[in-house]
Amino acid sequence: MAAQRMEGRDHPQRPAEDELAELEKKLLWLATWTIHNANHVRPNIDGLKVGGHQASSASLATVMAALYLKALRPEDRVAVKPHASPVFHSIQYLFGNQSREKLENFRGYKGAQSYPSRTKDVDDVDFSTGSVGLGVAQTLFASLVQDFLRAKDLGHGPEGSRPEGKMVALVGDAEMDEGNIFEALLEGWKHGLRNCWWIVDYNRQSLDAVVREGLWERVESIFRNFGWDVVILKYGRLLEAAFAEPGGEALRRFIDTCPNQLYSALTFQGGKAWRKRLNDDIGDQGPVTALIERRSDEELARLMSNLGGHDLPSLTEAFEAARKHDRPVCFIAYTVKGYGLPLAGHKDNHAGLMTPAQMEDLRRRHAIRPGHEWEPFEGLALPAERLQAFLDAAPFNARGTRRHEAPALALPARLDVALQPAMSTQQGFGLLMHEIAKRDDDFAARVVTTSPDVTVSTNLGAFVNRRGLFARESLADTFKRERIPSTFNWEFSPKGQHMELGIAEMNLFLMLSALGLSHSLFGERLLPVGTLYDPFIERGLDALNYACYQDARFLIAATPSGVTLAPEGGAHQSIATPLIGMAQDGLASFEPAFVDELAVIMRFAFDYMQRSGPAEHDANGLSDAHGGAAYLRLSTRSIEQPRRAMDAALAADIVAGGYWLRRPGPNAQVVVAYTGALAPEAIEAVGLIAEDRRDVGLLAVTSADRLHAGWTGAQRLRERGEVGEAHVERLLAEVPGQSALVTVIDGHPATLGWLGAVQGHRVRALGVERFGQTGTLADLYRHYGIDAQGIARAAQSMTPGRPIRHLRAVG
């Protein structure tokens with residue numbers, strides 16, 4: 001069994017690296033013990049497996065020791081492989097940034113997180129990880145943001161100019177199956193990626209299997225083709241020394257041609273298995289046999305597991321060499337999954353847990369006394385003072401916490417736009433962005449736009465025309481140079497404020513995430529604005545969720561939306577996106593009908609993106625002091641615009657989520673609530689209904705998300721004995737109890753269907769539940785019953801009395 005054969009964890013004496021080698025062993029112990037404690041020592045009340053990944057952590061312990069304790073600098077930022085979370089927390093524990101209490105409560109309530117989290121962990125996490133692949137790509141986009149700031153002579157903190165940092169990802173080899181990683185590689189190549197390191201933990205094992213033979217040669221060629229340096233860390237110093245012995249070349253050939261599954265199996269079986277296989281396959285009764293026989297079983301097992309990813313000198317030299325240039329580097333570090341543990345090499349070890357007996361054997365080998373498991377220097381061969389001094393001098397930890405802050409940018413009192421008699425919200429968005437582009441202030445200078453190849457069709461064109469596209473080196477617009485007439489005069493330069501992206505929504509949200517963390521990562525605040533087609537939010541939903549989980553701050557304008565995009569058919573007609581907006585944590589969702597509403601909402605969003613107060617509910621049930629990202633669901637449908645004064649009270653109602661376009665009377669029998677582009681149908685329907693029903697009300701819902709969030713938040717406040725009343729509770733308190741609500745949206749009816757629960761009204765929720773047809777607006781609205789006649793028909797079914805006049809029979 002590999003358990004007993006892998007005892008050779010001790011390295012040959014390296015005087016210059018004694019502290020690093022000792023602390024590497026401590027990291028392996030702490031990470032393994034943290035998981036063991038959570039599963040076998042801490043009381044398990046509910047009986048569920050707590051889990052953890054001892055083998056996946058062990059394979060990166062050496063790499064992370066070399067990085068964090070020697071190679072990294074304070075300006076570097078790291079995305080840690082999700083399953084190496086225990087090693088990360090152990091490093092931070094040794095640095096003094098993590099508490100023993102949280103380690104003891106690993107994967108418990110408010111303990112150290114299963115996967116590193118910027119928002120839930122206390123120990124200076126740079127990038128959250130967990131959804132595999134996304135943290136990897138995030139480092140690429142963070143590097144592009146660093147270049148953006150540098151090109152504009154930003155990135156200067158109170159202490160002066162900050163040096164360029166390396167954006168580092170620790171990548172599981174199976175993680176490289178994620179398609180978003182390769183989408184990001186394309187974008188990095190286009191933008192001239194710099195200062196990015198991806199370190200691949202090439203242990204050749206995934207969750208279910210061993211990595212396919214020959215795959216990594218293909219991956220390596222992909223990186224080289226995209227302009228990356230590829231550094232292969234395959235052999236450690238013990239193996240290199242053995243190769244120099246007589247017969248060593250035969251040993252090298254054996255390793256180079258050994259299938260992944262066989263290498264893993266032999267590693268698990270240990271020295272005796274290695275000896276038999278090597279003698280059978282390459283033994284020659286001469287120098288090769290002598291090379292093998294000069295080593296005991298223990299020494300042979302140590303030799304054959306001495307891969308580059310477990311060799312501190314090889315790693316530190318490679319990292320220091322890569323610091324001397326700014327080219328992107330992919331390090332392929334050969335490792336053993338479960339290195340130093342009895343799980344090493346077994347194909348089932350991904351989520352395997354060591355038994356108490358195995359843990360006791362590891363305790364003996366690491367000289368850990370019972371009751372001293374958490375002591376930082378227990379069992380190590382060097383004095384505690386010397387080890388602590390080494391930790392204190394580690395460059396990465398030299399300046400303490402590495403989170404930056406940036407002041408909020410001053411905003412104009414309001415965003416103005418010239419209203420036309422009829423407009424769409426998408427058109428209004430483009431005009432508002434153009435007005436921002438005309439400004440000569442810090443606010444306009446910090447707005448950064450980006451879009452996945454739909455810049456023009458989402459109405460960002462005017463902004464880009466005025467502000468330009470970003471590139472580190474200037475690139476002229478060939479059409480302009482050749483004097484060919486074009487609506488868009490786009491030139492690339494370091495002055496540009498638009499980040500051009502290819503048509504990949506995952507990249508859009510990862511770029512927004514990196515831009516939206518600029519204030520924390522680099523100490524410079526940006527106001528990112530991204531646009532895409534609303535139905536394709538779902539294509540990038542994992543990355544959007546990831547961005548929000550990191551608390552990145554940005555504004556999404558998603559347009560066009562809904563079955564209102566009638567001729568395009570079901571493939572381009574979004575149904576579920578209003579529910580996504582409501583359900584997504586960290587994202588305030590809006591769907592205005594009119595451009596004056598949009599102007600108020602955008603101004604609020606730019607302010608909301610910069611807030612950093614406590615996350616507690618205010619008296620309205622919202623957590624507005626904390627802030628977050630914002631999402632606008634916009635439409636291409638041109639509708640008549642109201643002529644009205646935008647006073648402070650109306651603006652506050654719009655931001656809160658809704659207002660009375662027609663206030664209900666004391667005898668109201670029905671109220672219509674609408675959101676977005678269906679405003680004309682709702683207004684027309686109220687006209688029809690009012691001919692035969694009394695005191696009809698019309699509620700304009702600008703944000704179902706904020707109405708619902710305020711309502712649930714206010715209920716929680718009251719349950720705790722505090723004062724709270726939501727905006728939607730105040731609105732619907734004006735509706736008589738006997739009145740019925742008819743809600744209508746160009747999306748899933750559940751978006752507004754909950755309104756009846758606020759004050760106990762009966763509800764008929766109209767909307768779209770099936771993929772759309774092609775056709776005209778009249779065709780589709782009639783098909784789904786969301787036209788004026790359909791709304792009036794729903795009102796008639798909900799209220800007693802004579803039939804509503806002018807209501808056509810259903811055809």
# chains A, B, ... in the order shown; residues from 1 in each chain; ligands from 1
>>> closest_atom_pairs(of="region 720-776 of chain A", to="region 795-808 of chain A", cutoff="10 Å", atoms="only C-alpha atoms", output="CSV")
residue,atom,partner,partner_atom,distance
A:Gln738,CA,A:Thr799,CA,9.3
A:Ser739,CA,A:Thr799,CA,8.0
A:Ala740,CA,A:Met798,CA,6.3
A:Leu741,CA,A:Ala795,CA,7.9
A:Val742,CA,A:Ala795,CA,6.4
A:Thr743,CA,A:Ala795,CA,9.8
A:Arg762,CA,A:Met798,CA,7.9
A:Val763,CA,A:Met798,CA,8.1
A:Arg764,CA,A:Met798,CA,7.5
>>> residues_around(residues="Asn97 (chain A)", least_positions_apart="6", cutoff="9 Å", atoms="only C-alpha atoms", output="ChimeraX atom specification")
/A:89,91,122-124,400-401
>>> select_by_dssp(residues="region 265-347 of chain A", states="strand (DSSP E or B)", output="ChimeraX atom specification")
/A:307,329-334
>>> residues_around(residues="Gly111 (chain A)", least_positions_apart="5", cutoff="12 Å", atoms="only C-alpha atoms", output="ChimeraX atom specification")
/A:34,38,86,89,98-106,116-117,120-123
>>> closest_residue(among="A:Ser612, A:Ser518, A:Thr32, A:Thr564", to="Arg363 (chain A)", atoms="only C-alpha atoms")
A:Thr32
>>> residues_around(residues="Ala651 (chain A)", least_positions_apart="5", cutoff="8 Å", atoms="only C-alpha atoms", output="list in words")
Glu597, Val600 and Met646 of chain A
>>> select_by_dssp(residues="region 115-292 of chain A", states="helix (DSSP H, G or I)", output="MDAnalysis selection string")
chainID A and resid 134:151 173:177 179:190 215:225 237:243 248:257 260:269 271:282 287:292
>>> residues_around(residues="region 444-446 of chain A", least_positions_apart="3", cutoff="9 Å", atoms="only C-alpha atoms", output="ChimeraX atom specification")
/A:409,436-441,467,497,525-528
